[in-house]
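Chemist: mmCIF, C-alpha atoms, saved as model_26.cif, coming up:
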data_model
#
loop_
_atom_site.label_atom_id
_atom_site.label_comp_id
_atom_site.auth_asym_id
_atom_site.auth_seq_id
_atom_site.Cartn_x
_atom_site.Cartn_y
_atom_site.Cartn_z
CA MET Y 1 5.39 55.85 59.64
CA SER Y 2 8.78 54.28 60.47
CA ASP Y 3 7.80 50.60 60.07
CA VAL Y 4 8.30 49.01 56.67
CA LEU Y 5 5.10 47.53 55.25
CA ASP Y 6 4.97 44.29 53.32
CA THR Y 7 2.68 45.92 50.78
CA LEU Y 8 0.90 49.19 50.15
CA ILE Y 9 -2.06 49.50 47.79
CA LEU Y 10 -2.43 52.78 45.99
CA GLY Y 11 -6.06 53.39 45.00
CA SER Y 12 -9.34 51.70 45.79
CA GLY Y 13 -12.12 50.41 43.55
CA PRO Y 14 -12.68 46.71 42.76
CA ALA Y 15 -8.99 46.13 41.97
CA GLY Y 16 -7.61 47.81 45.07
CA TYR Y 17 -10.08 46.37 47.52
CA THR Y 18 -9.79 42.85 46.08
CA ALA Y 19 -6.00 43.07 46.30
CA ALA Y 20 -6.44 44.19 49.90
CA ILE Y 21 -8.73 41.25 50.75
CA TYR Y 22 -6.24 38.72 49.38
CA ALA Y 23 -3.19 40.46 50.84
CA ALA Y 24 -4.80 40.75 54.26
CA ARG Y 25 -5.81 37.09 54.26
CA ALA Y 26 -2.17 36.27 53.48
CA ASN Y 27 -1.20 38.12 56.68
CA LEU Y 28 0.58 40.90 54.79
CA ALA Y 29 -1.19 43.64 56.81
CA PRO Y 30 -1.73 45.89 53.78
CA VAL Y 31 -2.30 49.63 53.96
CA LEU Y 32 -4.67 50.94 51.29
CA LEU Y 33 -4.71 54.60 50.31
CA ALA Y 34 -8.21 55.11 48.91
CA GLY Y 35 -7.32 58.04 46.64
CA PRO Y 36 -9.36 61.04 45.46
CA GLN Y 37 -12.48 58.97 44.68
CA PRO Y 38 -12.74 56.20 47.28
CA GLY Y 39 -14.38 53.22 45.63
CA GLY Y 40 -13.50 54.36 42.12
CA GLN Y 41 -15.83 54.87 39.16
CA LEU Y 42 -18.49 52.53 40.58
CA THR Y 43 -19.34 55.16 43.18
CA ILE Y 44 -20.96 57.21 40.40
CA THR Y 45 -22.81 54.20 38.98
CA ASN Y 46 -26.36 53.86 40.25
CA ASP Y 47 -27.17 50.27 39.31
CA VAL Y 48 -24.69 47.43 38.87
CA GLU Y 49 -26.42 44.41 37.34
CA ASN Y 50 -23.55 42.53 35.70
CA TYR Y 51 -21.39 41.69 38.72
CA PRO Y 52 -21.72 38.01 39.70
CA GLY Y 53 -23.42 37.26 42.99
CA PHE Y 54 -25.97 40.07 42.89
CA PRO Y 55 -28.92 38.63 40.93
CA LYS Y 56 -31.14 41.60 41.79
CA GLY Y 57 -28.41 44.15 41.10
CA ILE Y 58 -26.83 46.54 43.57
CA MET Y 59 -26.11 50.24 43.80
CA GLY Y 60 -22.51 51.06 42.91
CA PRO Y 61 -21.69 52.99 46.11
CA GLU Y 62 -23.24 50.24 48.28
CA MET Y 63 -21.22 47.59 46.46
CA MET Y 64 -17.95 49.46 47.01
CA GLU Y 65 -18.77 49.96 50.69
CA MET Y 66 -19.15 46.17 50.94
CA PHE Y 67 -15.77 45.68 49.24
CA LYS Y 68 -14.21 48.11 51.72
CA GLU Y 69 -15.87 46.43 54.71
CA GLN Y 70 -14.63 43.02 53.59
CA ALA Y 71 -11.06 44.31 53.13
CA ALA Y 72 -11.13 45.92 56.58
CA ARG Y 73 -12.58 42.77 58.18
CA PHE Y 74 -9.41 40.85 57.34
CA GLY Y 75 -7.12 43.56 58.68
CA THR Y 76 -6.55 46.04 55.85
CA ASP Y 77 -5.70 49.50 57.13
CA VAL Y 78 -7.88 51.64 54.82
CA ARG Y 79 -6.85 55.28 54.80
CA GLU Y 80 -8.87 58.08 53.22
CA GLU Y 81 -5.62 59.42 51.83
CA LEU Y 82 -4.32 60.51 48.43
CA GLY Y 83 -0.88 59.29 47.42
CA THR Y 84 0.93 62.20 45.78
CA GLU Y 85 4.55 61.13 45.47
CA VAL Y 86 6.24 57.76 45.02
CA ASP Y 87 9.97 56.95 45.01
CA LEU Y 88 10.59 53.60 43.32
CA GLY Y 89 14.31 54.22 42.92
CA GLN Y 90 15.31 52.82 46.28
CA ARG Y 91 14.08 50.09 48.58
CA PRO Y 92 11.91 50.03 50.51
CA PHE Y 93 9.70 52.17 48.28
CA THR Y 94 8.60 55.51 49.71
CA ILE Y 95 5.04 56.78 49.29
CA LYS Y 96 3.98 60.25 50.44
CA THR Y 97 0.41 61.48 50.85
CA ALA Y 98 -1.38 64.79 50.43
CA SER Y 99 -1.63 65.14 54.21
CA GLY Y 100 2.15 64.84 54.59
CA GLU Y 101 2.30 61.25 55.84
CA THR Y 102 5.09 58.98 54.59
CA PHE Y 103 4.93 55.20 54.14
CA ARG Y 104 7.72 52.77 53.33
CA SER Y 105 6.87 49.46 51.72
CA LYS Y 106 8.62 46.39 50.31
CA THR Y 107 6.04 46.12 47.52
CA LEU Y 108 3.50 48.35 45.85
CA ILE Y 109 0.19 47.52 44.16
CA ILE Y 110 -1.02 50.30 41.88
CA SER Y 111 -4.79 50.34 41.38
CA THR Y 112 -5.31 54.02 40.62
CA GLY Y 113 -7.83 53.31 37.85
CA ALA Y 114 -8.72 55.44 34.87
CA SER Y 115 -11.09 58.34 34.46
CA ALA Y 116 -13.54 58.71 31.59
CA ILE Y 117 -13.05 61.90 29.64
CA TYR Y 118 -16.15 64.08 29.86
CA LEU Y 119 -17.18 67.22 27.99
CA GLY Y 120 -16.92 69.42 31.07
CA LEU Y 121 -20.55 70.59 31.12
CA PRO Y 122 -22.02 71.38 34.57
CA ASN Y 123 -25.30 69.59 33.88
CA GLU Y 124 -23.40 66.60 32.49
CA THR Y 125 -21.70 66.19 35.86
CA ARG Y 126 -24.95 66.70 37.75
CA LEU Y 127 -26.71 63.98 35.75
CA GLN Y 128 -23.96 61.37 35.87
CA GLY Y 129 -25.58 58.04 36.64
CA ARG Y 130 -28.98 59.49 35.75
CA GLY Y 131 -28.78 59.25 32.00
CA VAL Y 132 -25.19 60.39 31.51
CA SER Y 133 -22.76 57.49 31.23
CA ALA Y 134 -19.32 56.63 29.89
CA CYS Y 135 -19.93 52.88 29.69
CA ALA Y 136 -22.49 51.36 27.34
CA THR Y 137 -21.62 47.84 28.51
CA CYS Y 138 -22.41 48.85 32.10
CA ASP Y 139 -25.54 50.91 31.52
CA GLY Y 140 -26.98 50.06 28.11
CA PHE Y 141 -29.53 47.68 29.60
CA PHE Y 142 -31.32 50.60 31.30
CA PHE Y 143 -32.15 52.23 27.96
CA LYS Y 144 -34.53 49.69 26.49
CA ASN Y 145 -36.78 51.34 23.89
CA LYS Y 146 -35.14 54.73 24.55
CA THR Y 147 -33.43 57.35 22.40
CA VAL Y 148 -29.75 57.84 23.21
CA TYR Y 149 -26.85 59.92 21.93
CA VAL Y 150 -23.22 58.83 21.74
CA VAL Y 151 -20.48 61.47 21.57
CA GLY Y 152 -17.33 60.51 19.67
CA GLY Y 153 -15.99 59.47 16.30
CA GLY Y 154 -13.46 56.78 17.15
CA ASP Y 155 -13.60 53.00 17.39
CA SER Y 156 -14.97 53.17 20.94
CA ALA Y 157 -17.83 55.43 19.88
CA CYS Y 158 -18.79 53.15 16.99
CA GLU Y 159 -18.58 50.12 19.27
CA GLU Y 160 -20.68 51.80 21.99
CA ALA Y 161 -23.30 52.96 19.45
CA THR Y 162 -23.57 49.50 17.89
CA PHE Y 163 -23.83 47.86 21.31
CA LEU Y 164 -26.58 50.26 22.41
CA THR Y 165 -28.78 49.24 19.45
CA LYS Y 166 -29.42 45.99 21.33
CA TYR Y 167 -31.56 48.02 23.72
CA ALA Y 168 -32.30 51.51 22.43
CA THR Y 169 -34.87 52.29 19.76
CA LYS Y 170 -32.63 54.95 18.21
CA VAL Y 171 -28.94 55.77 18.62
CA TYR Y 172 -27.50 59.06 17.37
CA MET Y 173 -23.75 59.46 17.03
CA VAL Y 174 -22.61 63.05 17.57
CA VAL Y 175 -19.45 63.63 15.51
CA ARG Y 176 -17.82 67.07 15.58
CA LYS Y 177 -16.14 66.75 12.16
CA THR Y 178 -17.22 65.67 8.69
CA THR Y 179 -15.28 62.42 9.08
CA MET Y 180 -14.71 59.82 11.78
CA ARG Y 181 -11.30 58.66 12.98
CA ALA Y 182 -12.62 55.14 13.61
CA SER Y 183 -11.28 52.24 11.58
CA LYS Y 184 -13.14 51.57 8.32
CA ILE Y 185 -14.66 48.34 9.56
CA MET Y 186 -15.99 49.95 12.75
CA GLN Y 187 -17.39 52.91 10.82
CA GLN Y 188 -19.13 50.61 8.38
CA ARG Y 189 -20.63 48.58 11.19
CA ALA Y 190 -22.23 51.71 12.62
CA LEU Y 191 -23.27 53.13 9.25
CA ASP Y 192 -24.91 49.86 8.20
CA ASN Y 193 -26.97 49.60 11.38
CA PRO Y 194 -30.50 50.90 10.72
CA LYS Y 195 -30.86 52.08 14.31
CA VAL Y 196 -27.75 54.31 14.15
CA GLU Y 197 -27.79 57.81 12.65
CA ILE Y 198 -24.67 59.98 12.38
CA LEU Y 199 -25.01 63.68 13.17
CA TRP Y 200 -22.02 65.27 11.45
CA GLU Y 201 -20.39 68.52 12.57
CA GLN Y 202 -22.28 68.61 15.85
CA ASN Y 203 -21.25 69.10 19.46
CA VAL Y 204 -23.23 68.49 22.63
CA THR Y 205 -23.08 71.82 24.46
CA ASP Y 206 -25.65 71.30 27.23
CA VAL Y 207 -27.70 68.61 28.94
CA PHE Y 208 -31.22 69.23 30.26
CA GLY Y 209 -33.29 67.44 32.89
CA GLU Y 210 -34.18 67.73 36.55
CA ASN Y 211 -33.64 64.20 37.86
CA LYS Y 212 -32.64 62.47 34.62
CA VAL Y 213 -31.57 63.34 31.09
CA GLU Y 214 -34.51 64.71 29.11
CA ALA Y 215 -32.91 66.72 26.29
CA LEU Y 216 -29.61 67.92 24.81
CA GLU Y 217 -28.40 71.07 23.16
CA LEU Y 218 -26.51 70.44 19.92
CA THR Y 219 -24.34 73.13 18.36
CA HIS Y 220 -23.12 72.98 14.76
CA SER Y 221 -19.33 72.99 14.57
CA THR Y 222 -19.17 75.46 11.65
CA THR Y 223 -22.28 77.64 11.76
CA GLY Y 224 -22.78 77.71 15.53
CA GLU Y 225 -26.48 77.01 15.03
CA LYS Y 226 -28.06 75.48 18.14
CA GLN Y 227 -30.92 73.03 18.44
CA ARG Y 228 -32.60 71.26 21.34
CA VAL Y 229 -33.32 67.56 20.91
CA GLU Y 230 -35.17 65.15 23.16
CA ALA Y 231 -32.97 62.43 24.63
CA ASP Y 232 -33.13 59.73 27.28
CA GLY Y 233 -29.42 59.13 27.56
CA LEU Y 234 -26.00 60.58 26.75
CA PHE Y 235 -22.99 58.30 26.39
CA LEU Y 236 -19.48 59.72 26.29
CA ALA Y 237 -17.05 57.77 24.13
CA ILE Y 238 -14.21 60.23 23.75
CA GLY Y 239 -11.70 58.17 25.67
CA HIS Y 240 -10.40 57.31 29.11
CA LYS Y 241 -7.36 58.74 30.85
CA PRO Y 242 -5.43 56.37 33.13
CA ASN Y 243 -4.52 57.89 36.48
CA THR Y 244 -0.83 57.12 36.13
CA GLU Y 245 0.86 60.54 35.86
CA MET Y 246 2.82 59.82 39.04
CA PHE Y 247 4.67 56.96 37.34
CA GLN Y 248 5.56 58.62 34.03
CA GLY Y 249 9.17 57.93 33.08
CA VAL Y 250 9.52 55.20 35.73
CA LEU Y 251 7.11 52.45 34.73
CA ASP Y 252 6.67 51.15 31.19
CA MET Y 253 3.47 52.53 29.65
CA ASP Y 254 1.75 52.49 26.29
CA ASP Y 255 1.26 55.63 24.22
CA THR Y 256 -1.85 56.64 26.15
CA GLY Y 257 -0.41 56.15 29.64
CA TYR Y 258 -1.70 52.69 30.59
CA ILE Y 259 0.87 50.78 32.67
CA GLN Y 260 2.29 47.82 30.80
CA THR Y 261 2.58 44.59 32.75
CA ILE Y 262 4.17 41.23 31.99
CA PRO Y 263 1.65 39.38 29.77
CA GLY Y 264 -0.66 37.25 31.90
CA LYS Y 265 0.56 38.86 35.12
CA THR Y 266 0.41 42.17 36.96
CA ALA Y 267 4.16 42.64 37.48
CA THR Y 268 5.64 45.84 36.02
CA ASN Y 269 9.17 46.55 34.81
CA VAL Y 270 10.14 47.57 38.37
CA GLU Y 271 10.63 44.54 40.60
CA GLY Y 272 8.17 44.56 43.48
CA VAL Y 273 5.70 46.89 41.77
CA PHE Y 274 2.42 45.50 40.45
CA ALA Y 275 -0.47 47.15 38.60
CA ALA Y 276 -4.12 46.05 38.64
CA GLY Y 277 -7.43 47.28 37.29
CA ASP Y 278 -8.14 50.07 34.86
CA CYS Y 279 -4.73 51.75 35.21
CA GLN Y 280 -3.33 48.84 33.18
CA ASP Y 281 -6.43 47.67 31.29
CA SER Y 282 -7.62 49.78 28.37
CA TYR Y 283 -9.60 46.93 26.80
CA TYR Y 284 -12.14 45.44 29.23
CA ARG Y 285 -12.57 48.17 31.87
CA GLN Y 286 -15.09 46.16 33.89
CA ALA Y 287 -15.45 45.81 37.65
CA VAL Y 288 -15.18 42.02 37.51
CA THR Y 289 -11.96 42.03 35.46
CA ALA Y 290 -10.49 44.74 37.71
CA ALA Y 291 -11.25 42.59 40.74
CA GLY Y 292 -9.60 39.63 39.01
CA THR Y 293 -6.36 41.51 38.45
CA GLY Y 294 -6.48 42.75 42.04
CA CYS Y 295 -6.52 39.13 43.16
CA MET Y 296 -3.62 38.35 40.80
CA ALA Y 297 -1.55 41.26 42.11
CA ALA Y 298 -1.94 40.21 45.74
CA ILE Y 299 -0.97 36.61 44.97
CA GLU Y 300 2.05 37.82 42.99
CA VAL Y 301 3.06 40.07 45.91
CA GLU Y 302 2.81 37.16 48.35
CA ARG Y 303 4.98 34.94 46.16
CA TYR Y 304 7.44 37.75 45.50
CA LEU Y 305 7.92 38.33 49.24
CA GLU Y 306 8.33 34.59 49.84
CA GLY Y 307 11.06 34.60 47.20
CA GLN Y 308 12.82 37.47 48.96
CA HIS Y 309 13.05 35.43 52.15
#
I need this file expressed as structure tokens, please.

Modeler:
Amino acid sequence: MSDVLDTLILGSGPAGYTAAIYAARANLAPVLLAGPQPGGQLTITNDVENYPGFPKGIMGPEMMEMFKEQAARFGTDVREELGTEVDLGQRPFTIKTASGETFRSKTLIISTGASAIYLGLPNETRLQGRGVSACATCDGFFFKNKTVYVVGGGDSACEEATFLTKYATKVYMVVRKTTMRASKIMQQRALDNPKVEILWEQNVTDVFGENKVEALELTHSTTGEKQRVEADGLFLAIGHKPNTEMFQGVLDMDDTGYIQTIPGKTATNVEGVFAAGDCQDSYYRQAVTAAGTGCMAAIEVERYLEGQH
């Protein structure tokens, strides 16, 4: 593509599509490269019940299709493309895709998201959204009076386990060592909760169930002894990995790879580059907050371009 775009959005999901809606309505004619998982993590979420405006809930994939449709309605050029290479060292910025296409753009909105770290078990993947989850805040409600297992020993795992006790009858924390790496206060919160039980030196090595999680295989870290336990849900709390490898060494990031933006804004350390959604948010990681930062990024792009004129 020889024309220079006003803005290109890298990645879809609530942040990318919301940025596209606002940018398109500002007559910026955005191009959005949907990435490897068009629609983001919500496309593997069956029921979304905490997004405003959907009192009866909505299926994640359906919701993201509506976001996409709304972005396209206002003139966004949505491409089922994966951005693979970005040159931010010269202007306009150059973005190359897996199919060999090249775009040049005055501004860039990065909404590449983050991916939950999973155990890598085949059945775990098969049962995602059907009892396997990486977000207690998103899915905890569906486990009322159920027995669930949380994998992890950090602050996130303790927080997820404690949160799940609002709904589940019993919450087991599966910790592979004899100690947790969580802060003392978070550990104590989990240990003091009568609904939480810690299973030390255990690993989840398989997930069972036809259409939903029905049982887990636990393997002892030291002895290798295996046991099968009944379960209604499996929550992974072993971290998230931001999809920001492409920008390593160019954009300011924290120790875990989340893009750092100017406090209260989405602007990065490179003028004309903005980051929205889970690629820059390690704290909230919710669809509604991602959408909010997508809106912010588009407004900042519009004002940045006005300033350039």

Chemist: For this structure, which residues satisfy the selection - the PyMOL selection byres ((chain Y and resi 177-179) around 6) - when it is evaluated on the file as given? I want them as a ChimeraX atom specification.

Modeler: /Y:175-176,180,200-201

Chemist: Please determine, counting only C-alpha atoms, which residue among Y:Asp47, Y:Glu80, Y:Glu62, Y:Glu271 has the shortest atom-to-atom distance to Leu10 of chain Y.

Modeler: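 Closest candidate: Y:Glu80.
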
Chemist: Got a sec to resolve the PyMOL selection byres ((chain Y and resi 244) around 9) on this structure and send the residues as a list in words?

Modeler: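 Selection result, ordered by chain and number: Ile110, Thr112, Gly113, Ala114, Lys241, Pro242, Asn243, Glu245, Met246, Phe247, Gln248, Gly257, Tyr258, Ile259 and Cys279 of chain Y.
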
Chemist: Identify all residues satisfying the PyMOL selection byres ((chain Y and resi 293) around 10) in the given file; provide them as a PDB file with C-alpha atoms, in the frame of the given file.

Modeler:
ATOM      1  CA  PRO Y  14     -12.680  46.710  42.760  1.00  0.00           C
ATOM      2  CA  ALA Y  15      -8.990  46.130  41.970  1.00  0.00           C
ATOM      3  CA  GLY Y  16      -7.610  47.810  45.070  1.00  0.00           C
ATOM      4  CA  THR Y  18      -9.790  42.850  46.080  1.00  0.00           C
ATOM      5  CA  ALA Y  19      -6.000  43.070  46.300  1.00  0.00           C
ATOM      6  CA  SER Y 111      -4.790  50.340  41.380  1.00  0.00           C
ATOM      7  CA  GLY Y 264      -0.660  37.250  31.900  1.00  0.00           C
ATOM      8  CA  LYS Y 265       0.560  38.860  35.120  1.00  0.00           C
ATOM      9  CA  THR Y 266       0.410  42.170  36.960  1.00  0.00           C
ATOM     10  CA  PHE Y 274       2.420  45.500  40.450  1.00  0.00           C
ATOM     11  CA  ALA Y 275      -0.470  47.150  38.600  1.00  0.00           C
ATOM     12  CA  ALA Y 276      -4.120  46.050  38.640  1.00  0.00           C
ATOM     13  CA  GLY Y 277      -7.430  47.280  37.290  1.00  0.00           C
ATOM     14  CA  ASP Y 278      -8.140  50.070  34.860  1.00  0.00           C
ATOM     15  CA  GLN Y 280      -3.330  48.840  33.180  1.00  0.00           C
ATOM     16  CA  ASP Y 281      -6.430  47.670  31.290  1.00  0.00           C
ATOM     17  CA  VAL Y 288     -15.180  42.020  37.510  1.00  0.00           C
ATOM     18  CA  THR Y 289     -11.960  42.030  35.460  1.00  0.00           C
ATOM     19  CA  ALA Y 290     -10.490  44.740  37.710  1.00  0.00           C
ATOM     20  CA  ALA Y 291     -11.250  42.590  40.740  1.00  0.00           C
ATOM     21  CA  GLY Y 292      -9.600  39.630  39.010  1.00  0.00           C
ATOM     22  CA  GLY Y 294      -6.480  42.750  42.040  1.00  0.00           C
ATOM     23  CA  CYS Y 295      -6.520  39.130  43.160  1.00  0.00           C
ATOM     24  CA  MET Y 296      -3.620  38.350  40.800  1.00  0.00           C
ATOM     25  CA  ALA Y 297      -1.550  41.260  42.110  1.00  0.00           C
ATOM     26  CA  ALA Y 298      -1.940  40.210  45.740  1.00  0.00           C
ATOM     27  CA  ILE Y 299      -0.970  36.610  44.970  1.00  0.00           C
TER      28      ILE Y 299
END

Chemist: Could you give me, as CSV, a per-residue list for segment 132-240 of chain Y showing, wherever an atom lies at most 10 Å from an atom of segment 49-56 of chain Y, the closest pair of atoms and their distance in Å to one decimal, using all atoms listed in the file and sorting by chain then residue number from low to high?

Modeler:
residue,atom,partner,partner_atom,distance
Y:Thr137,CA,Y:Asn50,CA,9.1
Y:Cys138,CA,Y:Asn50,CA,7.4
Y:Asp139,CA,Y:Glu49,CA,8.8
Y:Phe141,CA,Y:Glu49,CA,9.0
Y:Phe142,CA,Y:Glu49,CA,9.9

Chemist: Just to confirm, what's the straight-line distance from atom CA of Gly75 of chain Y to atom CA of Ala24 of chain Y in Å (one decimal)?

Modeler: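 Interatomic distance here is 5.7 Å.
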
Chemist: Of the residues Y:Tyr149, Y:Gly60, Y:Asp252, Y:Gly131, which is the one nearest to Val270 of chain Y, using all atoms listed in the file?

Modeler: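 Distance minimum relative to Val270 of chain Y lands on Y:Asp252.
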
Chemist: Counting only C-alpha atoms, which of Y:Thr261, Y:Ser12, Y:Thr162, Y:Thr94 gets nearest to Lys68 of chain Y?

Modeler: Y:Ser12

Chemist: Which one of Y:Arg228, Y:Arg79, Y:Lys195, Y:Arg303 sits closest to Phe163 of chain Y if you count only C-alpha atoms?

Modeler: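 Of Y:Arg228, Y:Arg79, Y:Lys195, Y:Arg303, the one nearest Phe163 of chain Y, counting only C-alpha atoms, is Y:Lys195.
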
Chemist: By how many Å are atom CA of Thr97 of chain Y and atom CA of Phe67 of chain Y apart?

Modeler: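 According to the coordinates, atom CA of Thr97 of chain Y and atom CA of Phe67 of chain Y are separated by 22.7 Å.
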
Chemist: Could you pull the residues within 9 Å of Tyr118 of chain Y, counting all atoms listed in the file, minus those fewer than 4 positions along the same chain, as a PyMOL selection string?

Modeler: chain Y and resi 124-125+134+236-240

Chemist: For those residues, write C-alpha atoms to a file as a PDB file, keeping the file's coordinate frame.

Modeler:
ATOM      1  CA  GLU Y 124     -23.400  66.600  32.490  1.00  0.00           C
ATOM      2  CA  THR Y 125     -21.700  66.190  35.860  1.00  0.00           C
ATOM      3  CA  ALA Y 134     -19.320  56.630  29.890  1.00  0.00           C
ATOM      4  CA  LEU Y 236     -19.480  59.720  26.290  1.00  0.00           C
ATOM      5  CA  ALA Y 237     -17.050  57.770  24.130  1.00  0.00           C
ATOM      6  CA  ILE Y 238     -14.210  60.230  23.750  1.00  0.00           C
ATOM      7  CA  GLY Y 239     -11.700  58.170  25.670  1.00  0.00           C
ATOM      8  CA  HIS Y 240     -10.400  57.310  29.110  1.00  0.00           C
TER       9      HIS Y 240
END

Chemist: Which residues, written as a list in words, have at least one atom at most 9 Å from Met186 of chain Y, with only C-alpha atoms counted and residues fewer than 5 positions away on the same chain left out?

Modeler: Gly154, Asp155, Ser156, Cys158, Glu159 and Leu191 of chain Y

Chemist: Write out as a ChimeraX atom specification each polymer residue whose atoms come within 10 Å of His220 of chain Y, counting only C-alpha atoms; drop sequence neighbours fewer than 3 positions from it.

Modeler: /Y:176-177,199-205,223-227

Chemist: Which neighbours of Gly35 of chain Y fall inside 6 Å, counting only C-alpha atoms, when residues of the same chain fewer than 4 positions from it are skipped, and could you give them as a list in words?

Modeler: Gly11, Glu81 and Leu82 of chain Y

Chemist: What is the distance between atom CA of Leu42 of chain Y and atom CA of Ile58 of chain Y, in Å to one decimal?

Modeler: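 One can read the atom CA of Leu42 of chain Y to atom CA of Ile58 of chain Y distance as 10.7 Å.
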
Chemist: Using all atoms listed in the file, can you tell me which of Y:Phe93, Y:Phe103, Y:Tyr284, Y:Tyr17 comes closest to Ala71 of chain Y?

Modeler: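 Nearest to Ala71 of chain Y: Y:Tyr17.
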
Chemist: Please return, as a JSON list (two decimals) with C-alpha atoms, in the coordinates of the input, all polymer residues that have at least one atom within 7 Å of the point (-17.7, 54.1, 32.9); use all atoms listed in the file and the file's own coordinate frame.

Modeler:
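result18.json, written as the output of this step:
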[["chain", "number", "residue", "atom", "x", "y", "z"],
["Y", 41, "GLN", "CA", -15.83, 54.87, 39.16],
["Y", 116, "ALA", "CA", -13.54, 58.71, 31.59],
["Y", 133, "SER", "CA", -22.76, 57.49, 31.23],
["Y", 134, "ALA", "CA", -19.32, 56.63, 29.89],
["Y", 135, "CYS", "CA", -19.93, 52.88, 29.69]]

Chemist: Any idea what's packed within 12 Å of Lys170 of chain Y, counting all atoms listed in the file, ignoring anything in its chain fewer than 6 positions away? Could you give it as a PDB file with C-alpha atoms, keeping the file's coordinate frame?

Modeler:
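part_33.pdb written:
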ATOM      1  CA  PHE Y 143     -32.150  52.230  27.960  1.00  0.00           C
ATOM      2  CA  LYS Y 144     -34.530  49.690  26.490  1.00  0.00           C
ATOM      3  CA  ASN Y 145     -36.780  51.340  23.890  1.00  0.00           C
ATOM      4  CA  LYS Y 146     -35.140  54.730  24.550  1.00  0.00           C
ATOM      5  CA  THR Y 147     -33.430  57.350  22.400  1.00  0.00           C
ATOM      6  CA  VAL Y 148     -29.750  57.840  23.210  1.00  0.00           C
ATOM      7  CA  TYR Y 149     -26.850  59.920  21.930  1.00  0.00           C
ATOM      8  CA  VAL Y 150     -23.220  58.830  21.740  1.00  0.00           C
ATOM      9  CA  ALA Y 161     -23.300  52.960  19.450  1.00  0.00           C
ATOM     10  CA  THR Y 162     -23.570  49.500  17.890  1.00  0.00           C
ATOM     11  CA  PHE Y 163     -23.830  47.860  21.310  1.00  0.00           C
ATOM     12  CA  LEU Y 164     -26.580  50.260  22.410  1.00  0.00           C
ATOM     13  CA  ASN Y 193     -26.970  49.600  11.380  1.00  0.00           C
ATOM     14  CA  PRO Y 194     -30.500  50.900  10.720  1.00  0.00           C
ATOM     15  CA  LYS Y 195     -30.860  52.080  14.310  1.00  0.00           C
ATOM     16  CA  VAL Y 196     -27.750  54.310  14.150  1.00  0.00           C
ATOM     17  CA  GLU Y 197     -27.790  57.810  12.650  1.00  0.00           C
ATOM     18  CA  ILE Y 198     -24.670  59.980  12.380  1.00  0.00           C
ATOM     19  CA  GLU Y 230     -35.170  65.150  23.160  1.00  0.00           C
ATOM     20  CA  ALA Y 231     -32.970  62.430  24.630  1.00  0.00           C
ATOM     21  CA  ASP Y 232     -33.130  59.730  27.280  1.00  0.00           C
ATOM     22  CA  GLY Y 233     -29.420  59.130  27.560  1.00  0.00           C
TER      23      GLY Y 233
END

Chemist: Identify which of the residues Y:Val250, Y:Val86, Y:Ile95, Y:Ile9 lies closest to Tyr22 of chain Y, counting only C-alpha atoms when measuring atom-to-atom distances.

Modeler: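 Among the listed residues, Y:Ile9 lies closest to Tyr22 of chain Y.
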
Chemist: Some atoms are missing, so please complete segment 251-261 of chain Y with N, CA and C atoms and return it as a compact mmCIF listing (two decimals), in the frame of the given file.

Modeler:
# COMPACT_ATOMS: atom_id res chain seq x y z
N LEU Y 251 7.70 53.72 35.13
CA LEU Y 251 7.11 52.45 34.73
C LEU Y 251 6.85 52.44 33.22
N ASP Y 252 6.97 51.28 32.62
CA ASP Y 252 6.67 51.15 31.19
C ASP Y 252 5.17 51.38 30.96
N MET Y 253 4.86 52.23 29.98
CA MET Y 253 3.47 52.53 29.65
C MET Y 253 3.28 52.49 28.14
N ASP Y 254 2.02 52.38 27.72
CA ASP Y 254 1.75 52.49 26.29
C ASP Y 254 1.62 53.98 25.93
N ASP Y 255 1.29 54.25 24.70
CA ASP Y 255 1.26 55.63 24.22
C ASP Y 255 0.23 56.49 24.92
N THR Y 256 -0.79 55.87 25.50
CA THR Y 256 -1.85 56.64 26.15
C THR Y 256 -1.73 56.66 27.67
N GLY Y 257 -0.65 56.05 28.21
CA GLY Y 257 -0.41 56.15 29.64
C GLY Y 257 -0.85 54.96 30.47
N TYR Y 258 -1.34 53.88 29.83
CA TYR Y 258 -1.70 52.69 30.59
C TYR Y 258 -0.42 51.92 30.95
N ILE Y 259 -0.31 51.51 32.21
CA ILE Y 259 0.87 50.78 32.67
C ILE Y 259 0.93 49.42 31.99
N GLN Y 260 2.11 49.10 31.47
CA GLN Y 260 2.29 47.82 30.80
C GLN Y 260 2.83 46.80 31.81
N THR Y 261 2.18 45.66 31.84
CA THR Y 261 2.58 44.59 32.75
C THR Y 261 3.05 43.38 31.95
